[in-house]
Structures are given as structure tokens and as C-alpha cells.
>>> print(open('final-v6.cif').read())   # mmCIF, C-alpha atoms
data_run
loop_
_atom_site.label_atom_id
_atom_site.label_comp_id
_atom_site.auth_asym_id
_atom_site.auth_seq_id
_atom_site.Cartn_x
_atom_site.Cartn_y
_atom_site.Cartn_z
CA MET M 218 0.00 0.00 0.00
CA ALA M 219 1.16 3.53 -0.75
CA GLU M 220 0.08 4.65 2.70
CA GLU M 221 2.31 2.35 4.76
CA LEU M 222 3.83 3.96 7.80
CA TRP M 223 7.54 4.12 8.50
CA ASN M 224 7.14 3.17 12.15
CA GLN M 225 5.40 -0.16 11.51
CA SER M 226 6.91 -3.27 13.15
CA SER M 227 8.26 -4.92 9.98
CA PRO M 228 10.90 -3.17 7.84
CA PRO M 229 9.11 -0.83 5.45
CA SER M 230 9.14 -0.93 1.68
CA PHE M 231 8.89 1.94 -0.74
CA MET M 232 6.75 1.98 -3.86
CA LEU M 233 8.28 3.17 -7.13
CA ALA M 234 5.85 5.04 -9.38
CA GLY M 235 7.80 3.79 -12.40
CA LEU M 236 8.88 5.34 -15.66
CA PHE M 237 5.65 4.95 -17.60
CA SER M 238 2.27 6.59 -17.11
CA HIS M 239 -0.17 3.78 -18.04
CA SER M 240 -0.59 4.90 -21.65
CA PRO M 241 -1.25 2.62 -24.67
CA TYR M 242 2.37 3.17 -25.74
CA ASP M 243 3.96 1.83 -22.53
CA SER M 244 5.01 -1.47 -24.12
CA PHE M 245 6.64 0.35 -27.02
CA PHE M 246 8.57 2.72 -24.75
CA PHE M 247 9.54 -0.18 -22.50
CA SER M 248 10.96 -1.99 -25.54
CA LEU M 249 13.04 1.09 -26.38
CA VAL M 250 14.40 1.22 -22.84
CA LEU M 251 15.32 -2.49 -22.97
CA LEU M 252 16.99 -1.96 -26.35
CA ALA M 253 19.05 0.95 -24.98
CA PHE M 254 19.92 -1.09 -21.89
CA GLY M 255 21.02 -4.04 -24.02
CA ALA M 256 23.13 -1.77 -26.21
CA ALA M 257 24.76 -0.23 -23.12
CA VAL M 258 25.59 -3.63 -21.59
CA VAL M 259 26.90 -5.12 -24.85
CA GLY M 260 28.83 -2.00 -25.87
CA ASN M 261 30.57 -1.48 -22.53
CA SER M 262 31.26 -5.20 -22.07
CA LEU M 263 32.75 -5.41 -25.55
CA LEU M 264 34.92 -2.36 -24.91
CA LEU M 265 36.20 -3.89 -21.66
CA THR M 266 36.95 -7.16 -23.47
CA LEU M 267 38.86 -5.40 -26.26
CA ILE M 268 40.94 -3.36 -23.81
CA GLN M 269 41.81 -6.50 -21.90
CA ALA M 270 42.54 -8.61 -25.01
CA ASP M 271 44.68 -6.19 -27.05
CA ARG M 272 48.06 -5.29 -25.53
CA HIS M 273 48.18 -2.12 -27.68
CA LEU M 274 45.30 -0.82 -25.58
CA HIS M 275 47.16 -1.36 -22.30
CA THR M 276 47.80 2.37 -21.90
CA PRO M 277 46.65 4.92 -19.31
CA MET M 278 43.96 6.33 -21.60
CA TYR M 279 42.33 2.95 -22.12
CA PHE M 280 42.76 2.01 -18.47
CA PHE M 281 40.69 5.07 -17.55
CA LEU M 282 38.24 4.26 -20.34
CA SER M 283 37.78 0.77 -18.87
CA GLN M 284 36.95 2.39 -15.53
CA LEU M 285 34.38 4.56 -17.29
CA SER M 286 32.81 1.45 -18.83
CA ILE M 287 32.63 -0.23 -15.42
CA MET M 288 30.90 2.88 -14.03
CA ASP M 289 28.42 2.94 -16.90
CA LEU M 290 27.63 -0.76 -16.45
CA THR M 291 27.16 -0.26 -12.71
CA MET M 292 24.87 2.72 -13.22
CA THR M 293 22.54 1.18 -15.79
CA CYS M 294 22.47 -2.29 -14.15
CA THR M 295 21.55 -0.72 -10.81
CA VAL M 296 18.47 0.99 -12.21
CA VAL M 297 17.04 -0.70 -15.31
CA PRO M 298 16.64 -4.36 -14.21
CA LYS M 299 14.59 -3.42 -11.12
CA MET M 300 12.48 -1.03 -13.18
CA ALA M 301 11.91 -3.77 -15.78
CA VAL M 302 10.93 -6.38 -13.16
CA ASN M 303 8.46 -3.97 -11.57
CA PHE M 304 6.92 -3.11 -14.94
CA LEU M 305 6.55 -6.73 -16.07
CA SER M 306 5.28 -8.05 -12.73
CA GLY M 307 3.02 -5.12 -11.92
CA ARG M 308 4.55 -4.97 -8.43
CA LYS M 309 6.10 -1.63 -7.58
CA PHE M 310 7.66 -2.37 -4.22
CA ILE M 311 11.34 -1.99 -3.41
CA SER M 312 12.74 -2.97 -0.03
CA LEU M 313 14.53 -0.55 2.26
CA ALA M 314 17.82 -2.38 1.59
CA GLY M 315 17.18 -2.30 -2.16
CA CYS M 316 16.41 1.41 -2.05
CA ALA M 317 19.54 2.17 0.02
CA SER M 318 21.63 0.09 -2.41
CA GLN M 319 20.33 2.01 -5.40
CA ILE M 320 21.11 5.36 -3.78
CA PHE M 321 24.57 4.19 -2.71
CA LEU M 322 25.55 2.84 -6.14
CA VAL M 323 24.03 5.65 -8.22
CA VAL M 324 25.60 8.41 -6.11
CA THR M 325 28.95 6.57 -5.92
CA VAL M 326 29.13 6.12 -9.68
CA GLY M 327 27.81 9.61 -10.41
CA GLY M 328 30.44 11.27 -8.22
CA ALA M 329 33.23 8.94 -9.36
CA GLU M 330 32.47 9.68 -13.02
CA CYS M 331 32.79 13.44 -12.39
CA PHE M 332 36.28 12.92 -10.99
CA LEU M 333 37.27 10.33 -13.60
CA LEU M 334 36.36 12.60 -16.51
CA ALA M 335 38.65 15.26 -14.98
CA VAL M 336 41.41 12.63 -14.63
CA MET M 337 40.96 11.63 -18.28
CA ALA M 338 41.25 15.28 -19.35
CA TYR M 339 44.46 15.65 -17.30
CA ASP M 340 45.78 12.45 -18.92
CA ARG M 341 45.22 13.90 -22.41
CA TYR M 342 46.85 17.16 -21.33
CA MET M 343 49.98 15.31 -20.19
CA ALA M 344 50.06 13.11 -23.33
CA VAL M 345 49.77 16.05 -25.75
CA CYS M 346 51.71 18.76 -23.93
CA TYR M 347 54.47 16.63 -22.30
CA PRO M 348 54.85 13.53 -24.52
CA LEU M 349 58.41 12.75 -23.36
CA ARG M 350 57.60 12.93 -19.65
CA TYR M 351 54.16 11.34 -20.06
CA PRO M 352 55.20 7.66 -19.55
CA VAL M 353 57.07 8.58 -16.37
CA ILE M 354 54.38 10.79 -14.85
CA MET M 355 51.37 8.66 -15.85
CA ASN M 356 52.83 5.33 -14.73
CA TRP M 357 50.61 2.48 -13.58
CA LYS M 358 50.98 3.42 -9.93
CA ALA M 359 49.79 6.97 -10.63
CA CYS M 360 46.93 5.74 -12.84
CA SER M 361 45.76 3.27 -10.21
CA PHE M 362 45.88 5.96 -7.52
CA LEU M 363 43.83 8.39 -9.64
CA ALA M 364 41.23 5.73 -10.47
CA ILE M 365 40.90 4.62 -6.84
CA ALA M 366 40.69 8.26 -5.70
CA SER M 367 37.83 8.84 -8.17
CA TRP M 368 35.91 5.85 -6.81
CA MET M 369 36.59 6.83 -3.19
CA GLY M 370 35.45 10.41 -3.80
CA GLY M 371 32.12 9.20 -5.13
CA MET M 372 31.79 6.64 -2.34
CA ALA M 373 32.40 9.23 0.40
CA ASP M 374 29.58 11.40 -0.95
CA SER M 375 27.35 8.32 -1.24
CA VAL M 376 27.86 7.18 2.36
CA ILE M 377 26.87 10.64 3.63
CA ASP M 378 23.78 10.75 1.40
CA VAL M 379 22.53 7.30 2.39
CA GLY M 380 23.12 7.96 6.10
CA MET M 381 21.33 11.29 6.02
CA VAL M 382 18.39 10.25 3.83
CA PHE M 383 17.46 7.33 6.07
CA SER M 384 17.87 9.36 9.26
CA PHE M 385 14.71 11.34 8.39
CA PRO M 386 11.25 10.08 9.43
CA TYR M 387 8.86 8.96 6.70
CA CYS M 388 5.37 9.03 8.13
CA GLY M 389 3.02 9.33 5.20
CA SER M 390 2.83 7.96 1.70
CA LEU M 391 5.87 5.88 0.76
CA GLU M 392 5.26 6.09 -2.98
CA VAL M 393 8.41 7.45 -4.63
CA ASP M 394 7.50 9.51 -7.70
CA HIS M 395 10.38 8.10 -9.73
CA PHE M 396 11.48 4.87 -11.42
CA PHE M 397 14.32 4.29 -8.92
CA CYS M 398 15.32 5.52 -5.48
CA GLU M 399 16.89 8.94 -5.94
CA VAL M 400 17.69 11.26 -3.05
CA PRO M 401 15.50 14.26 -4.03
CA ALA M 402 12.50 12.00 -4.72
CA LEU M 403 12.80 10.39 -1.28
CA LEU M 404 13.23 13.69 0.55
CA ARG M 405 9.85 14.83 -0.79
CA LEU M 406 8.26 12.02 1.26
CA SER M 407 9.82 12.96 4.58
CA CYS M 408 7.64 14.58 7.22
CA ALA M 409 10.67 16.42 8.68
CA ASP M 410 12.25 19.66 7.51
CA THR M 411 14.92 18.59 5.00
CA SER M 412 15.72 22.05 3.65
CA LEU M 413 19.15 22.25 5.32
CA PHE M 414 20.19 18.87 3.92
CA GLU M 415 18.84 19.85 0.48
CA ASP M 416 20.98 23.01 0.58
CA LEU M 417 23.98 20.87 1.56
CA ILE M 418 23.32 18.52 -1.37
CA TYR M 419 23.10 21.49 -3.72
CA ALA M 420 26.42 22.88 -2.43
CA CYS M 421 28.13 19.47 -2.74
CA CYS M 422 26.82 19.02 -6.27
CA VAL M 423 28.10 22.45 -7.29
CA VAL M 424 31.56 21.60 -5.94
CA MET M 425 31.64 18.05 -7.35
CA LEU M 426 30.52 19.23 -10.78
CA LEU M 427 32.26 22.57 -11.17
CA LEU M 428 35.71 21.69 -9.78
CA PRO M 429 36.23 18.71 -12.13
CA LEU M 430 34.70 20.75 -14.96
CA GLY M 431 37.25 23.48 -14.25
CA VAL M 432 40.07 20.92 -14.54
CA ILE M 433 38.59 19.66 -17.83
CA VAL M 434 38.28 23.14 -19.33
CA ALA M 435 41.80 24.15 -18.23
CA SER M 436 43.30 20.90 -19.53
CA TYR M 437 41.68 21.16 -22.94
CA ALA M 438 42.52 24.83 -23.27
CA ARG M 439 46.19 23.85 -22.93
CA VAL M 440 45.70 20.87 -25.26
CA LEU M 441 44.11 23.05 -27.94
CA THR M 442 46.98 25.55 -27.69
CA ALA M 443 49.52 22.72 -28.08
CA VAL M 444 47.63 21.16 -31.02
CA ILE M 445 47.53 24.47 -32.92
CA ARG M 446 51.33 24.67 -32.61
CA MET M 447 51.93 21.13 -33.90
CA PRO M 448 53.79 21.10 -37.25
CA SER M 449 52.38 17.72 -38.33
CA ASN M 450 48.82 17.54 -39.70
CA GLU M 451 48.68 13.83 -38.82
CA GLY M 452 49.59 14.61 -35.20
CA LYS M 453 46.94 17.31 -35.07
CA HIS M 454 44.29 14.98 -36.47
CA LYS M 455 45.11 12.15 -34.03
CA ALA M 456 45.12 14.48 -31.01
CA LEU M 457 41.87 16.18 -32.02
CA THR M 458 40.11 12.87 -32.75
CA THR M 459 41.01 11.42 -29.36
CA CYS M 460 40.15 14.60 -27.47
CA SER M 461 36.90 15.21 -29.34
CA SER M 462 35.66 11.75 -28.28
CA HIS M 463 36.35 12.60 -24.65
CA LEU M 464 34.75 16.03 -24.98
CA ALA M 465 31.63 14.43 -26.46
CA VAL M 466 31.39 12.13 -23.41
CA VAL M 467 31.96 15.11 -21.09
CA GLY M 468 29.21 17.05 -22.86
CA LEU M 469 26.77 14.14 -22.55
CA TYR M 470 27.44 13.54 -18.88
CA TYR M 471 27.79 17.11 -17.64
CA GLY M 472 24.84 18.34 -19.71
CA GLY M 473 22.46 16.02 -17.90
CA ALA M 474 24.19 16.31 -14.52
CA ILE M 475 24.23 20.11 -14.44
CA PHE M 476 20.59 20.33 -15.52
CA SER M 477 19.60 17.71 -12.95
CA TYR M 478 21.64 18.63 -9.88
CA MET M 479 22.43 22.33 -10.14
CA GLN M 480 18.84 23.30 -9.52
CA ARG M 481 17.40 24.32 -6.19
CA ALA M 482 14.99 21.81 -4.67
CA SER M 483 12.14 24.30 -5.13
CA ALA M 484 12.77 24.36 -8.90
CA ARG M 485 12.79 20.59 -9.34
CA THR M 486 9.77 18.60 -10.53
CA PRO M 487 9.21 14.81 -10.56
CA MET M 488 8.73 14.89 -14.35
CA GLY M 489 11.98 16.80 -14.84
CA ASP M 490 13.86 14.46 -12.51
CA ARG M 491 12.66 11.42 -14.44
CA ALA M 492 13.65 12.95 -17.79
CA THR M 493 17.19 13.82 -16.71
CA SER M 494 17.59 10.50 -14.92
CA ILE M 495 16.81 8.65 -18.16
CA PHE M 496 19.63 10.63 -19.71
CA TYR M 497 22.39 9.64 -17.27
CA THR M 498 21.19 6.14 -16.26
CA ILE M 499 20.27 4.79 -19.71
CA LEU M 500 21.30 7.00 -22.64
CA THR M 501 24.80 8.07 -21.55
CA PRO M 502 25.95 4.48 -20.77
CA MET M 503 24.68 3.49 -24.23
CA PHE M 504 26.38 6.32 -26.13
CA ASN M 505 29.78 6.32 -24.38
CA PRO M 506 31.16 3.09 -25.92
CA LEU M 507 29.75 4.09 -29.33
CA ILE M 508 31.51 7.45 -29.20
CA TYR M 509 34.86 5.91 -28.28
CA SER M 510 34.65 2.98 -30.70
CA LEU M 511 33.35 4.77 -33.80
CA ARG M 512 35.80 7.68 -33.51
CA ASN M 513 38.82 5.61 -32.50
CA ARG M 514 41.01 3.70 -34.95
CA GLU M 515 42.80 1.74 -32.22
CA VAL M 516 39.53 0.36 -30.86
CA THR M 517 38.17 -0.55 -34.31
CA SER M 518 41.53 -2.18 -35.15
CA ALA M 519 41.39 -4.24 -31.95
CA LEU M 520 37.82 -5.30 -32.81
CA ARG M 521 38.90 -6.45 -36.29
CA LYS M 522 41.74 -8.49 -34.75
CA VAL M 523 39.37 -10.22 -32.35
CA LEU M 524 36.90 -10.96 -35.14
CA ARG M 525 39.70 -12.39 -37.33
CA ARG M 526 40.81 -14.66 -34.49
CA GLN M 527 37.25 -15.88 -34.01
CA SER M 528 36.81 -16.59 -37.73
CA LEU M 529 40.04 -18.65 -37.78
#
>>> encode(input="final-v6.cif", output="C-alpha cells")
Amino acid sequence: MAEELWNQSSPPSFMLAGLFSHSPYDSFFFSLVLLAFGAAVVGNSLLLTLIQADRHLHTPMYFFLSQLSIMDLTMTCTVVPKMAVNFLSGRKFISLAGCASQIFLVVTVGGAECFLLAVMAYDRYMAVCYPLRYPVIMNWKACSFLAIASWMGGMADSVIDVGMVFSFPYCGSLEVDHFFCEVPALLRLSCADTSLFEDLIYACCVVMLLLPLGVIVASYARVLTAVIRMPSNEGKHKALTTCSSHLAVVGLYYGGAIFSYMQRASARTPMGDRATSIFYTILTPMFNPLIYSLRNREVTSALRKVLRRQSL
């Protein structure tokens, strides 16, 4: 029931309103979501396999790209399967543990991806601007540290969010107006004053989005300056191709994230939250591997090698 009370004796469950609004086109839209989910899983899994299988891709750039694929897989697999099960079964319940897990994983991956995209921009800056020192500076120890730091940064934010969200009392309707457990959607159900925590979330989002974005902009400003000065047209083309793929991913991710999280709670609507959530939980994980594979000769070459081995 949507009117369950938080203080009942058994552990409470939430109800997820879902992604669809009981229209005749629900099955069609659901099929599109499953198609996008399948493309995201296959694309990112294939990219991870290629990076692992081809020794030419055992470089810092592709190491960070593999981390991005793991984040995309985690994000979409945390949200879509539960939404699909609820839609097909007609049951909308999600347990307290399931809800906390969704918040923890989504916030962890969302924060980690902000930091990782900044790390990837710094990696390209070092590769283009300091090619001779690049192998020394971006060694495997440094790459591992930067990747772990990205994950830990997202995880720290996630632990705080989960702890705070479930410290509030929920004493009315437990129907979450969303297709997964997201912090702002849950806070709307609380019967306590959450305005201070909402302001804190807003401030954290501004910092976690704008600081990495500042690193990205500064890094690519230096990269563009260095590319313009390159004497070789082939070198310019290779640098611009690689960097444009990363910038496309940055634009996809930050476009949705800024629109979603850099709004005051009073300006947010359930419909707007669902729309932007579709963008970063389903569409971005689908497009990222396509952007890197279609624009990247090394990835397409590795794919051809794998296909040749399979045919033999």
C-alpha cells in the first residue's frame, strides 16, 4: 500500500511510481528502454573485453576508459533491471535495503564519473603537452591511484547521502514519484524539515561538478593551444580525434548532470527528474562506448583483430 507507515513493526518498503504513465504506448517505450539497456551492456562489455585482449590498448587512456565502462555498467544495471521487473510483474515495491543500495551505487558512480572525466582530461593534457615525460608521470601506480581516488570520492559522498536520507522520518505515503530511489525523490516524502540537507546537497553538487569541470576546461585549453602549434597535420588529427571523443562524453554527462543537480529543490519537478535520470542512467551508458569505438582507430583495429581470431 502507498500509505504504509515508517514506524510499523516490519521493515518498510517503498513503492516506485515507475517510468511509464499507463498509456497505450507503454510497451513500445519499455521496448526502447530495454533496447538501450542491451546496447549499453553489450557496448561497454565489448569495450572492456577489447581493452583486456589487445596489448596495444594497455595504456593509461584505455585504463581510464575501462573504468568509465565499469561505471556505466554499474549505473545502468543498478536501475534498469529493477524497473523492468516492476513493470513486467506489476509490483512496484522496493525494499529498504534495495532502495539504500540504489542510492549508494548511483551516487557513488555519479560522483566517481565526475572525478574520472577530470582525470581523463588531465591524462590527455599530459600526453599532448608533455609527450616525453608522459610515460614517467602517468605510470601504472599513478593511474591506479587516480582511479581509486575517483571511486573513493564518489563513495564518500554516497555514504553521507545514504546515512542522512534514512535518518529522516517517513510518516506518510511511501510512494516514490520516480522509477528508482533517488535522493530528491525520497526527501519529498519525509515529514521532517529537509531544507538544510537539500541546501547541503546542492552545495556538494556544485563543488563536485564545477571543480572537475574546471580541470577539464583548463586541460583542454592547454591541449588546444599545443595542437595548434603542432607542425604535423597527422599529429593534429590524431590528437583532435582522441580529445573530441572525450569532450563528447563530457558534454553528454555534464549536460544532464548540471541540468539535474544544479537546480534548487524548489525548482525541481518529478517529471523533470525522471527525464534527466533517463539521460544519465540509460542514454549516456549506451552512447559512451559508441563514441569511443566509432571515432577511435585503435579500438576498431582491436575489434577487427578479435573478429579475425574468431573466424580462424
>>> closest_atom_pairs(input="final-v6.cif", of="segment 390-455 of chain M", to="segment 375-378 of chain M", cutoff="12 Å", atoms="all atoms listed in the file", output="tab-separated table")
residue	atom	partner	partner_atom	distance
M:Glu399	CA	M:Asp378	CA	10.2
M:Val400	CA	M:Asp378	CA	7.6
M:Pro401	CA	M:Asp378	CA	10.5
M:Leu403	CA	M:Asp378	CA	11.3
M:Leu404	CA	M:Asp378	CA	11.0
M:Phe414	CA	M:Asp378	CA	9.2
M:Glu415	CA	M:Asp378	CA	10.4
M:Leu417	CA	M:Asp378	CA	10.1
M:Ile418	CA	M:Asp378	CA	8.3
M:Tyr419	CA	M:Asp378	CA	11.9
M:Cys421	CA	M:Asp378	CA	10.6
M:Cys422	CA	M:Asp378	CA	11.7
>>> resolve_selection(input="final-v6.cif", expression="the PyMOL selection byres ((chain M and resi 336) around 12)", output="PyMOL selection string")
chain M and resi 277-278+280-282+284-285+329-335+337-343+355+359-368+428-434+436-437+463+467
>>> residues_around(input="final-v6.cif", residues="Lys309 of chain M", least_positions_apart="2", cutoff="9 Å", atoms="all atoms listed in the file", output="list in words")
Phe231, Met232, Leu233, Ala234, Gly235, Met300, Val302, Asn303, Phe304, Ser306, Gly307 and Ile311 of chain M
>>> write_last_selection(input="final-v6.cif", atoms="C-alpha atoms", output="mmCIF file, keeping the file's coordinate frame")
data_model
loop_
_atom_site.group_PDB
_atom_site.id
_atom_site.type_symbol
_atom_site.label_atom_id
_atom_site.label_comp_id
_atom_site.auth_asym_id
_atom_site.auth_seq_id
_atom_site.Cartn_x
_atom_site.Cartn_y
_atom_site.Cartn_z
ATOM 1 C CA PHE M 231 8.890 1.940 -0.740
ATOM 2 C CA MET M 232 6.750 1.980 -3.860
ATOM 3 C CA LEU M 233 8.280 3.170 -7.130
ATOM 4 C CA ALA M 234 5.850 5.040 -9.380
ATOM 5 C CA GLY M 235 7.800 3.790 -12.400
ATOM 6 C CA MET M 300 12.480 -1.030 -13.180
ATOM 7 C CA VAL M 302 10.930 -6.380 -13.160
ATOM 8 C CA ASN M 303 8.460 -3.970 -11.570
ATOM 9 C CA PHE M 304 6.920 -3.110 -14.940
ATOM 10 C CA SER M 306 5.280 -8.050 -12.730
ATOM 11 C CA GLY M 307 3.020 -5.120 -11.920
ATOM 12 C CA ILE M 311 11.340 -1.990 -3.410
#
>>> atom_distance(input="final-v6.cif", atom1="atom CA of Ala256 of chain M", atom2="atom CA of Met503 of chain M")
5.8 Å
>>> residues_around(input="final-v6.cif", residues="Asp271 of chain M", least_positions_apart="3", cutoff="12 Å", atoms="all atoms listed in the file", output="list in words")
Leu264, Leu265, Thr266, Leu267, Ile268, Leu274, His275, Thr276, Tyr279, Glu515, Val516, Thr517, Ser518, Ala519, Leu520, Arg521, Lys522, Val523 and Arg526 of chain M
>>> write_last_selection(input="final-v6.cif", atoms="C-alpha atoms", output="compact mmCIF listing (two decimals), in the frame of the given file")
# COMPACT_ATOMS: atom_id res chain seq x y z
CA LEU M 264 34.92 -2.36 -24.91
CA LEU M 265 36.20 -3.89 -21.66
CA THR M 266 36.95 -7.16 -23.47
CA LEU M 267 38.86 -5.40 -26.26
CA ILE M 268 40.94 -3.36 -23.81
CA LEU M 274 45.30 -0.82 -25.58
CA HIS M 275 47.16 -1.36 -22.30
CA THR M 276 47.80 2.37 -21.90
CA TYR M 279 42.33 2.95 -22.12
CA GLU M 515 42.80 1.74 -32.22
CA VAL M 516 39.53 0.36 -30.86
CA THR M 517 38.17 -0.55 -34.31
CA SER M 518 41.53 -2.18 -35.15
CA ALA M 519 41.39 -4.24 -31.95
CA LEU M 520 37.82 -5.30 -32.81
CA ARG M 521 38.90 -6.45 -36.29
CA LYS M 522 41.74 -8.49 -34.75
CA VAL M 523 39.37 -10.22 -32.35
CA ARG M 526 40.81 -14.66 -34.49
>>> atom_distance(input="final-v6.cif", atom1="atom CA of Asn450 of chain M", atom2="atom CA of Leu507 of chain M")
25.5 Å
>>> resolve_selection(input="final-v6.cif", expression="the PyMOL selection byres ((chain M and resi 327) around 9)", output="list in words")
Met288, Met292, Leu322, Val323, Val324, Thr325, Val326, Gly328, Ala329, Glu330, Cys331, Gly371, Ala474 and Tyr497 of chain M
>>> closest_residue(input="final-v6.cif", among="M:Leu249, M:Met425, M:Cys398, M:Gly473", to="Gly370 of chain M", atoms="all atoms listed in the file")
M:Met425
>>> closest_residue(input="final-v6.cif", among="M:Tyr347, M:Phe496, M:Tyr509, M:Phe246", to="Val466 of chain M", atoms="all atoms listed in the file")
M:Tyr509
>>> closest_residue(input="final-v6.cif", among="M:Leu236, M:Val296, M:Ala317, M:Ala456", to="Gly380 of chain M", atoms="all atoms listed in the file")
M:Ala317
>>> atom_distance(input="final-v6.cif", atom1="atom CA of Ala314 of chain M", atom2="atom CA of Phe383 of chain M")
10.7 Å
>>> residues_around(input="final-v6.cif", residues="Ile445 of chain M", least_positions_apart="4", cutoff="12 Å", atoms="all atoms listed in the file", output="list in words")
Val345, Cys346, Ala438, Arg439, Val440, Leu441, Ser449, Asn450, Gly452, Lys453, His454, Ala456 and Leu457 of chain M
>>> residues_around(input="final-v6.cif", residues="Ile495 of chain M", least_positions_apart="3", cutoff="10 Å", atoms="only C-alpha atoms", output="mmCIF file with C-alpha atoms, keeping the file's coordinate frame")
data_model
loop_
_atom_site.group_PDB
_atom_site.id
_atom_site.type_symbol
_atom_site.label_atom_id
_atom_site.label_comp_id
_atom_site.auth_asym_id
_atom_site.auth_seq_id
_atom_site.Cartn_x
_atom_site.Cartn_y
_atom_site.Cartn_z
ATOM 1 C CA LEU M 236 8.880 5.340 -15.660
ATOM 2 C CA VAL M 250 14.400 1.220 -22.840
ATOM 3 C CA THR M 293 22.540 1.180 -15.790
ATOM 4 C CA VAL M 296 18.470 0.990 -12.210
ATOM 5 C CA VAL M 297 17.040 -0.700 -15.310
ATOM 6 C CA PHE M 396 11.480 4.870 -11.420
ATOM 7 C CA GLY M 473 22.460 16.020 -17.900
ATOM 8 C CA ASP M 490 13.860 14.460 -12.510
ATOM 9 C CA ARG M 491 12.660 11.420 -14.440
ATOM 10 C CA ALA M 492 13.650 12.950 -17.790
ATOM 11 C CA THR M 498 21.190 6.140 -16.260
ATOM 12 C CA ILE M 499 20.270 4.790 -19.710
ATOM 13 C CA LEU M 500 21.300 7.000 -22.640
ATOM 14 C CA THR M 501 24.800 8.070 -21.550
#
>>> decode(input="final-v6.cif", residues="segment 374-390 of chain M", atoms="N, CA and C atoms", output="CSV table (one decimal), in the first residue's frame")
chain,number,residue,atom,x,y,z
M,374,ASP,N,30.8,10.6,-0.8
M,374,ASP,CA,29.6,11.4,-1.0
M,374,ASP,C,28.4,10.5,-0.8
M,375,SER,N,28.5,9.3,-1.3
M,375,SER,CA,27.4,8.3,-1.2
M,375,SER,C,27.0,7.9,0.2
M,376,VAL,N,28.1,7.6,1.0
M,376,VAL,CA,27.9,7.2,2.4
M,376,VAL,C,27.1,8.3,3.2
M,377,ILE,N,27.5,9.5,2.9
M,377,ILE,CA,26.9,10.6,3.6
M,377,ILE,C,25.4,10.7,3.2
M,378,ASP,N,25.2,10.6,1.9
M,378,ASP,CA,23.8,10.8,1.4
M,378,ASP,C,22.9,9.7,2.0
M,379,VAL,N,23.4,8.4,1.9
M,379,VAL,CA,22.5,7.3,2.4
M,379,VAL,C,22.2,7.5,3.9
M,380,GLY,N,23.3,7.8,4.7
M,380,GLY,CA,23.1,8.0,6.1
M,380,GLY,C,22.1,9.1,6.4
M,381,MET,N,22.2,10.2,5.7
M,381,MET,CA,21.3,11.3,6.0
M,381,MET,C,19.9,11.0,5.6
M,382,VAL,N,19.7,10.5,4.4
M,382,VAL,CA,18.4,10.3,3.8
M,382,VAL,C,17.6,9.3,4.7
M,383,PHE,N,18.2,8.3,5.3
M,383,PHE,CA,17.5,7.3,6.1
M,383,PHE,C,17.5,7.7,7.6
M,384,SER,N,18.0,8.9,7.9
M,384,SER,CA,17.9,9.4,9.3
M,384,SER,C,16.6,10.2,9.4
M,385,PHE,N,16.0,10.6,8.3
M,385,PHE,CA,14.7,11.3,8.4
M,385,PHE,C,13.5,10.4,8.6
M,386,PRO,N,12.5,10.9,9.3
M,386,PRO,CA,11.3,10.1,9.4
M,386,PRO,C,10.4,10.2,8.2
M,387,TYR,N,9.8,9.0,7.8
M,387,TYR,CA,8.9,9.0,6.7
M,387,TYR,C,7.5,8.5,7.2
M,388,CYS,N,6.6,9.4,7.4
M,388,CYS,CA,5.4,9.0,8.1
M,388,CYS,C,4.1,9.3,7.3
M,389,GLY,N,4.2,9.2,6.0
M,389,GLY,CA,3.0,9.3,5.2
M,389,GLY,C,3.1,8.3,4.1
M,390,SER,N,2.7,8.8,2.9
M,390,SER,CA,2.8,8.0,1.7
M,390,SER,C,4.3,7.6,1.4
